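Note: the block below is coords17.csv and it holds CSV, C-alpha atoms.
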chain,number,residue,atom,x,y,z
W,145,MET,CA,61.6,108.7,81.4
W,146,ALA,CA,64.0,107.2,83.9
W,147,LYS,CA,67.5,108.4,83.3
W,148,ILE,CA,69.8,106.1,85.2
W,149,ALA,CA,73.2,107.3,84.2
W,150,ALA,CA,74.3,110.8,85.1
W,151,SER,CA,74.6,112.7,81.9
W,152,THR,CA,77.7,114.7,81.4
W,153,ALA,CA,77.7,118.1,79.9
W,154,THR,CA,79.1,116.9,76.6
W,155,ASP,CA,76.1,114.6,75.9
W,156,ALA,CA,73.7,115.8,73.4
W,157,THR,CA,70.4,114.2,72.7
W,158,PRO,CA,70.8,112.1,69.6
W,159,SER,CA,69.3,114.3,67.0
W,160,ALA,CA,69.0,111.8,64.2
W,161,ARG,CA,66.5,109.8,66.1
W,162,THR,CA,63.3,111.2,64.9
W,163,GLY,CA,61.3,108.1,64.0
W,164,ALA,CA,58.3,107.1,66.0
W,165,ARG,CA,59.2,105.2,69.1
W,166,PRO,CA,57.0,102.5,70.6
W,167,GLN,CA,54.9,103.8,73.4
W,168,LYS,CA,56.5,102.9,76.7
W,169,LYS,CA,54.6,100.7,79.0
W,170,ARG,CA,53.5,102.3,82.1
W,171,LYS,CA,55.5,101.1,85.0
W,172,LYS,CA,53.9,99.8,88.1
W,173,SER,CA,55.0,101.5,91.3
W,174,GLN,CA,57.4,99.2,93.2
W,175,ILE,CA,57.1,101.0,96.5
W,176,PRO,CA,54.5,98.5,97.9
W,177,TYR,CA,56.9,95.6,97.1
W,178,ALA,CA,59.7,97.5,98.8
W,179,ALA,CA,57.6,98.1,101.9
W,180,ILE,CA,56.7,94.3,102.0
W,181,ALA,CA,60.3,93.4,101.6
W,182,LEU,CA,61.4,95.8,104.3
W,183,VAL,CA,58.8,94.4,106.8
W,184,MET,CA,60.0,90.8,105.9
W,185,ILE,CA,63.6,91.8,106.4
W,186,VAL,CA,62.8,93.2,109.9
W,187,ILE,CA,60.7,90.2,110.9
W,188,ALA,CA,63.5,87.8,109.7
W,189,GLY,CA,66.1,89.9,111.6
W,190,ILE,CA,64.0,89.6,114.8
W,191,LEU,CA,63.6,85.9,114.4
W,192,PHE,CA,67.3,85.5,113.7
W,193,ALA,CA,68.1,87.5,116.8
W,194,ARG,CA,66.1,85.1,119.0
W,195,LYS,CA,68.4,82.3,117.8
W,196,SER,CA,71.7,84.3,117.9
W,197,ASP,CA,72.8,87.9,117.9
W,198,ASN,CA,75.5,87.2,115.3
W,199,LEU,CA,73.0,85.7,112.9
W,200,SER,CA,70.9,88.9,112.7
W,201,ILE,CA,74.0,91.1,112.5
W,202,SER,CA,75.1,89.0,109.6
W,203,TRP,CA,71.7,89.3,108.1
W,204,ILE,CA,71.6,93.1,108.3
W,205,PHE,CA,75.2,93.4,107.0
W,206,GLY,CA,74.4,91.0,104.1
W,207,ILE,CA,71.3,93.1,103.1
W,208,ALA,CA,73.4,96.3,103.3
W,209,PHE,CA,76.2,94.9,101.2
W,210,GLY,CA,73.7,93.7,98.6
W,211,PHE,CA,72.1,97.1,98.5
W,212,VAL,CA,75.4,98.9,98.1
W,213,LEU,CA,76.6,96.4,95.5
W,214,GLN,CA,73.5,96.8,93.4
W,215,LYS,CA,73.2,100.6,93.6
W,216,THR,CA,76.9,101.2,92.9
W,217,ARG,CA,77.3,98.6,90.2
W,218,PHE,CA,80.3,97.5,92.1
W,219,CYS,CA,81.7,94.5,90.4
W,220,PHE,CA,84.9,92.6,91.0
W,221,THR,CA,84.7,91.1,87.6
W,222,ALA,CA,84.4,94.4,85.9
W,223,SER,CA,87.3,95.8,88.0
W,224,LEU,CA,89.7,93.4,86.3
W,225,ARG,CA,88.0,93.0,83.0
W,226,ASP,CA,87.1,96.6,82.0
W,227,PRO,CA,90.7,97.9,81.9
W,228,VAL,CA,91.4,95.3,79.3
W,229,LEU,CA,88.2,95.7,77.4
W,230,THR,CA,87.5,99.4,77.5
W,231,GLY,CA,90.5,100.9,79.2
W,232,SER,CA,88.3,102.2,82.0
W,233,THR,CA,89.6,101.7,85.5
W,234,SER,CA,86.9,103.5,87.5
W,235,ILE,CA,85.7,100.3,89.1
W,236,SER,CA,89.3,99.0,89.6
W,237,LYS,CA,90.0,102.2,91.5
W,238,ALA,CA,86.8,101.6,93.6
W,239,VAL,CA,88.0,98.1,94.5
W,240,ILE,CA,91.4,99.4,95.5
W,241,ILE,CA,89.9,102.0,97.7
W,242,ALA,CA,87.7,99.3,99.3
W,243,PHE,CA,90.8,97.2,100.0
W,244,ALA,CA,92.5,100.2,101.6
W,245,ILE,CA,89.5,100.8,103.9
W,246,ALA,CA,89.4,97.0,104.7
W,247,THR,CA,93.1,97.1,105.5
W,248,ALA,CA,92.6,99.9,108.0
W,249,GLY,CA,89.5,98.1,109.5
W,250,PHE,CA,91.1,94.7,109.7
W,251,ALA,CA,94.3,96.2,111.2
W,252,ALA,CA,92.1,97.7,114.0
W,253,ILE,CA,90.2,94.5,114.6
W,254,GLN,CA,93.3,92.3,114.6
W,255,TYR,CA,95.4,94.7,116.6
W,256,SER,CA,92.8,95.0,119.4
W,257,ALA,CA,92.4,91.2,119.3
W,258,SER,CA,96.1,90.6,119.6
W,259,LEU,CA,96.3,92.8,122.7
W,260,ALA,CA,93.6,90.8,124.3
W,261,ASP,CA,94.8,87.3,123.3
W,262,PRO,CA,97.8,87.0,121.0
W,263,ALA,CA,97.1,83.3,120.3
W,264,ASN,CA,93.7,83.9,118.9
W,265,ILE,CA,93.6,86.5,116.2
W,266,PRO,CA,90.6,86.6,113.9
W,267,GLY,CA,90.9,86.7,110.1
W,268,ASN,CA,91.5,84.3,107.3
W,269,VAL,CA,95.3,83.8,107.4
W,270,HIS,CA,96.0,80.9,105.2
W,271,PRO,CA,99.1,79.4,103.5
W,272,ALA,CA,100.1,81.3,100.4
W,273,GLY,CA,101.6,79.5,97.4
W,274,ILE,CA,101.3,78.6,93.8
W,275,HIS,CA,97.9,77.2,94.4
W,276,ILE,CA,96.5,80.7,95.0
W,277,MET,CA,97.8,81.8,91.5
W,278,ILE,CA,96.3,78.7,89.8
W,279,GLY,CA,93.0,79.1,91.7
W,280,ALA,CA,92.8,82.8,91.0
W,281,THR,CA,93.4,82.3,87.3
W,282,LEU,CA,90.7,79.6,87.1
W,283,PHE,CA,88.3,81.8,89.0
W,284,GLY,CA,89.1,84.8,86.8
W,285,ILE,CA,88.4,82.9,83.6
W,286,GLY,CA,85.2,81.5,85.2
W,287,MET,CA,83.8,84.8,86.4
W,288,VAL,CA,84.3,86.6,83.1
W,289,ILE,CA,82.5,83.8,81.3
W,290,ALA,CA,79.7,83.7,83.9
W,291,GLY,CA,79.3,87.4,83.9
W,292,GLY,CA,80.0,88.0,87.6
W,293,CYS,CA,81.9,86.9,90.6
W,294,ALA,CA,80.1,85.3,93.6
W,295,SER,CA,78.7,88.5,95.0
W,296,GLY,CA,77.8,89.9,91.6
W,297,THR,CA,76.1,86.7,90.6
W,298,LEU,CA,73.9,86.8,93.8
W,299,MET,CA,73.1,90.5,93.2
W,300,ARG,CA,72.0,89.9,89.6
W,301,MET,CA,70.0,86.9,90.6
W,302,GLY,CA,68.0,89.3,92.8
W,303,GLU,CA,67.7,91.7,89.9
W,304,GLY,CA,66.0,89.0,87.9
W,305,PHE,CA,68.6,88.2,85.4
W,306,THR,CA,67.8,84.6,84.7
W,307,MET,CA,71.1,83.6,83.2
W,308,GLN,CA,72.8,84.0,86.5
W,309,TRP,CA,70.4,81.5,88.1
W,310,ILE,CA,72.2,79.0,85.9
W,311,THR,CA,75.5,80.4,87.0
W,312,ILE,CA,74.7,79.9,90.6
W,313,ILE,CA,73.9,76.2,90.0
W,314,GLY,CA,77.4,75.8,88.6
W,315,PHE,CA,78.8,77.9,91.4
W,316,VAL,CA,77.2,75.8,94.2
W,317,ALA,CA,78.1,72.6,92.4
W,318,GLY,CA,81.7,73.7,92.1
W,319,SER,CA,81.9,74.8,95.7
W,320,VAL,CA,80.4,71.5,97.0
W,321,TRP,CA,82.9,69.5,94.9
W,322,GLY,CA,85.7,71.7,96.2
W,323,ILE,CA,84.7,71.1,99.8
W,324,ARG,CA,84.4,67.3,99.2
W,325,ASP,CA,88.1,67.2,98.1
W,326,TYR,CA,89.3,70.0,100.4
W,327,THR,CA,91.2,67.7,102.9
W,328,PHE,CA,93.1,66.2,100.0
W,329,TRP,CA,94.3,69.5,98.6
W,330,ASP,CA,94.9,70.9,102.0
W,331,SER,CA,97.2,68.1,103.3
W,332,ASN,CA,99.0,67.6,100.0
W,333,PHE,CA,99.4,71.2,98.8
W,334,PHE,CA,98.2,74.0,101.0
W,335,GLN,CA,100.0,73.0,104.2
W,336,LYS,CA,103.3,72.7,102.3
W,337,SER,CA,103.2,76.4,101.6
W,338,PRO,CA,104.3,79.0,104.1
W,339,THR,CA,101.7,81.0,106.0
W,340,ILE,CA,102.6,84.7,105.8
W,341,TRP,CA,101.1,87.1,108.2
W,342,LEU,CA,102.8,90.5,107.6
W,343,PRO,CA,102.7,91.8,111.2
W,344,ASP,CA,105.0,88.8,112.2
W,345,TYR,CA,107.6,90.0,109.8
W,346,LEU,CA,107.3,93.8,109.7
W,347,GLY,CA,105.4,94.7,112.9
W,348,TRP,CA,102.1,96.4,112.9
W,349,GLY,CA,103.1,99.8,111.5
W,350,GLY,CA,105.2,98.3,108.8
W,351,ALA,CA,102.6,95.8,107.7
W,352,VAL,CA,99.8,98.3,107.4
W,353,PHE,CA,102.1,100.9,105.8
W,354,LEU,CA,103.4,98.5,103.2
W,355,GLN,CA,99.9,97.3,102.3
W,356,LEU,CA,98.6,100.8,102.0
W,357,LEU,CA,101.6,101.8,100.0
W,358,VAL,CA,101.1,98.9,97.5
W,359,LEU,CA,97.4,99.8,97.2
W,360,GLY,CA,98.4,103.4,96.6
W,361,LEU,CA,100.8,102.4,93.9
W,362,LEU,CA,98.1,100.2,92.3
W,363,TYR,CA,95.7,103.1,92.4
W,364,TRP,CA,98.2,105.4,90.7
W,365,ALA,CA,98.9,102.7,88.1
W,366,ALA,CA,95.2,102.2,87.4
W,367,ASP,CA,94.7,106.0,87.1
W,368,SER,CA,97.5,106.6,84.8
W,369,PHE,CA,96.6,103.5,82.7
W,370,SER,CA,93.1,104.8,82.0
W,371,LYS,CA,94.5,108.3,81.3
W,372,ARG,CA,96.9,106.9,78.8
W,373,LYS,CA,94.4,104.6,77.2
W,374,LEU,CA,91.6,107.0,76.9
W,375,GLY,CA,93.4,110.3,76.9
W,376,SER,CA,91.0,111.8,79.4
Z,127,MET,CA,71.1,107.9,58.5
Z,128,ALA,CA,70.0,104.4,59.5
Z,129,GLU,CA,68.6,103.5,62.8
Z,130,VAL,CA,70.0,100.1,63.8
Z,131,ARG,CA,68.8,98.0,66.7
Z,132,LEU,CA,71.1,95.6,68.4
Z,133,ASP,CA,69.4,92.9,70.5
Z,134,CYS,CA,71.5,92.1,73.6
Z,135,MET,CA,68.6,90.8,75.7
Z,136,GLY,CA,69.7,88.1,78.0
Z,137,GLU,CA,73.3,88.6,77.3
Z,138,ALA,CA,75.5,88.9,80.3
Z,139,CYS,CA,78.3,91.4,80.7
Z,140,PRO,CA,80.6,91.8,78.7
Z,141,VAL,CA,78.9,90.4,75.7
Z,142,PRO,CA,76.7,93.5,75.0
Z,143,LEU,CA,79.8,95.7,75.1
Z,144,LEU,CA,81.7,93.5,72.6
Z,145,LYS,CA,78.7,93.3,70.3
Z,146,THR,CA,78.3,97.1,70.4
Z,147,GLN,CA,82.0,97.6,69.6
Z,148,LYS,CA,81.7,95.2,66.7
Z,149,LYS,CA,78.5,96.7,65.4
Z,150,LEU,CA,79.7,100.3,65.6
Z,151,LYS,CA,82.5,99.4,63.2
Z,152,GLU,CA,80.0,98.4,60.5
Z,153,LEU,CA,77.9,101.6,60.8
Z,154,ASN,CA,78.5,104.9,59.0
Z,155,LYS,CA,78.5,108.5,60.2
Z,156,GLY,CA,75.1,109.8,61.1
Z,157,ASP,CA,73.7,106.3,61.9
Z,158,VAL,CA,72.1,105.7,65.3
Z,159,LEU,CA,72.6,102.5,67.2
Z,160,ILE,CA,70.1,101.3,69.7
Z,161,VAL,CA,71.4,98.6,72.0
Z,162,GLU,CA,68.8,96.7,73.9
Z,163,ILE,CA,70.0,95.3,77.2
Z,164,ASP,CA,68.7,93.8,80.3
Z,165,HIS,CA,71.9,93.2,82.2
Z,166,SER,CA,72.5,96.0,84.7
Z,167,CYS,CA,76.2,95.8,84.3
Z,168,ALA,CA,76.0,96.6,80.6
Z,169,MET,CA,74.0,99.7,81.5
Z,170,LYS,CA,77.2,101.0,82.9
Z,171,ASN,CA,80.0,99.9,80.7
Z,172,VAL,CA,78.3,100.3,77.3
Z,173,PRO,CA,77.5,104.0,77.8
Z,174,GLU,CA,80.8,104.6,79.5
Z,175,TRP,CA,82.8,103.1,76.6
Z,176,ALA,CA,80.7,104.9,73.9
Z,177,ARG,CA,81.1,108.3,75.7
Z,178,LYS,CA,84.8,107.8,75.9
Z,179,GLU,CA,84.9,107.1,72.2
Z,180,GLY,CA,83.3,110.5,71.9
Z,181,TYR,CA,79.7,109.6,70.8
Z,182,PRO,CA,76.6,111.2,72.3
Z,183,VAL,CA,74.9,108.6,74.4
Z,184,GLU,CA,71.4,108.4,75.9
Z,185,LEU,CA,70.2,105.7,78.3
Z,186,GLU,CA,66.5,105.0,78.6
Z,187,GLU,CA,64.7,102.5,80.8
Z,188,VAL,CA,62.1,101.2,78.5
Z,189,ASP,CA,60.6,98.6,81.0
Z,190,GLU,CA,61.4,97.2,84.4
Z,191,GLY,CA,65.0,96.1,84.1
Z,192,GLU,CA,65.2,96.7,80.3
Z,193,TRP,CA,67.2,99.5,78.9
Z,194,GLU,CA,68.1,101.0,75.6
Z,195,VAL,CA,71.4,102.6,75.0
Z,196,ILE,CA,71.1,105.1,72.1
Z,197,ILE,CA,74.4,105.9,70.5
Z,198,GLU,CA,74.7,108.5,67.8
Z,199,LEU,CA,77.6,108.1,65.4
Z,200,ASN,CA,78.4,111.8,65.0
Z,201,LYS,CA,81.7,111.1,63.4

Have the structure of the file written as structure tokens, please.
Amino acid sequence: MAKIAASTATDATPSARTGARPQKKRKKSQIPYAAIALVMIVIAGILFARKSDNLSISWIFGIAFGFVLQKTRFCFTASLRDPVLTGSTSISKAVIIAFAIATAGFAAIQYSASLADPANIPGNVHPAGIHIMIGATLFGIGMVIAGGCASGTLMRMGEGFTMQWITIIGFVAGSVWGIRDYTFWDSNFFQKSPTIWLPDYLGWGGAVFLQLLVLGLLYWAADSFSKRKLGS
Amino acid sequence: MAEVRLDCMGEACPVPLLKTQKKLKELNKGDVLIVEIDHSCAMKNVPEWARKEGYPVELEEVDEGEWEVIIELNK
């Protein structure tokens, strides 16, 4: 019997369940498949490296992200949905911690880049405005209905959940449509909003500190929310 | 002391959880609810929710990528 969830001490085996249960099918070992997949990953990585180093680095990072995502059940959708639905904020807190780590990492990358060449700092620094709120709301509605955000959908496709194969068709179609009209939205709306890059306003220390402070407050809010809601 | 099976195969998160919450309201003390799921996300939030409600929960992988969440209504 494969027990996936870690049982807590309070769990008791349901005693009322005494009826005969259908015999379980014997599971095939998946280790040969894993070995074949690993060999293919390595071969693909070598082939990518012959074309460009960055390609194979992206490949390895992509595989690693997928692995972590699947094993941890990390889900951006659940991080925002479960607090409303169940009062649980365990995934929300995980996402906040991930943001905090990313903040430190990006600060290090951008800071070292700004020392080398202040005009050319990596990162997606884009205009912020009402369009972000509208887009985020639409995306939020969509991802809860679809049962996963972009990364979650990809991960569950790999797990063999067929409904998400339909989701990905819609996702790709929507993205392509968005790119088709991107220049229109960009010149008429996005460029009219200010581009805010916190280090310009607060300096490096202030920007990183403020962002970590906000994330810390969100973590505290998420933690006390679940405590109040679940009383645990 | 009924044993009720709830078929959530092919249902994406959060539908299994919502169905479970709805079904549990109809059941009585001593009943056992078996939720059949094949969405890995539900494997996390259904047991998590039921445990927090105070029910004993067991999770069993019955086949590749298919699980049964067994919830005992002990109250």

Using all atoms listed in the file, I'd like every residue of chain Z that has an atom within 10 Å of chain W; please write them out as a ChimeraX atom specification.
/Z:127-129,136-141,143-144,147,156-160,164-191,193,196-200

Between CA of His270 in chain W and CA of Phe334 in chain W, what is the spacing in Å?
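CA of His270 in chain W lies 8.4 Å from CA of Phe334 in chain W.
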
Quick one: distance from CA of Gly350 in chain W to CA of Ile274 in chain W in Å, one decimal?
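Atom-to-atom, CA of Gly350 in chain W and CA of Ile274 in chain W are spaced 25.1 Å apart.
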
Distance of CA of Lys201 in chain Z from CA of Lys155 in chain Z, expressed in Å to one decimal place:
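CA of Lys201 in chain Z lies 5.2 Å from CA of Lys155 in chain Z.
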
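Ranking W:Val212, W:Thr311, W:Pro227, W:Ile187 by their shortest atom-to-atom distance to Arg372 in chain W, with all atoms listed in the file included, puts W:Pro227 first.
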
His275 in chain W environment, 12 Å, only C-alpha atoms, sequence neighbours closer than 3 positions dropped, as number ranges by chain:
W: 270-272, 278-283, 329-330, 332-338

Would you pick out the contacts of Leu213 in chain W at 12 Å or less, using all atoms listed in the file, so that residues sharing its chain but fewer than 6 positions from it are not included, and give the list as a short mmCIF file (atom, residue, chain, number, x, y, z; two decimals) with C-alpha atoms, in the coordinates of the input?
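Wrote around_31.cif, looks like this:
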data_model
loop_
_atom_site.label_atom_id
_atom_site.label_comp_id
_atom_site.auth_asym_id
_atom_site.auth_seq_id
_atom_site.Cartn_x
_atom_site.Cartn_y
_atom_site.Cartn_z
CA PHE W 205 75.20 93.40 107.00
CA GLY W 206 74.40 91.00 104.10
CA ILE W 207 71.30 93.10 103.10
CA CYS W 219 81.70 94.50 90.40
CA PHE W 220 84.90 92.60 91.00
CA ILE W 235 85.70 100.30 89.10
CA ALA W 238 86.80 101.60 93.60
CA VAL W 239 88.00 98.10 94.50
CA CYS W 293 81.90 86.90 90.60
CA ALA W 294 80.10 85.30 93.60
CA SER W 295 78.70 88.50 95.00
CA GLY W 296 77.80 89.90 91.60
CA THR W 297 76.10 86.70 90.60
CA LEU W 298 73.90 86.80 93.80
CA MET W 299 73.10 90.50 93.20
CA ARG W 300 72.00 89.90 89.60
CA GLY W 302 68.00 89.30 92.80
CA GLU W 303 67.70 91.70 89.90
CA SER Z 166 72.50 96.00 84.70
CA CYS Z 167 76.20 95.80 84.30
#
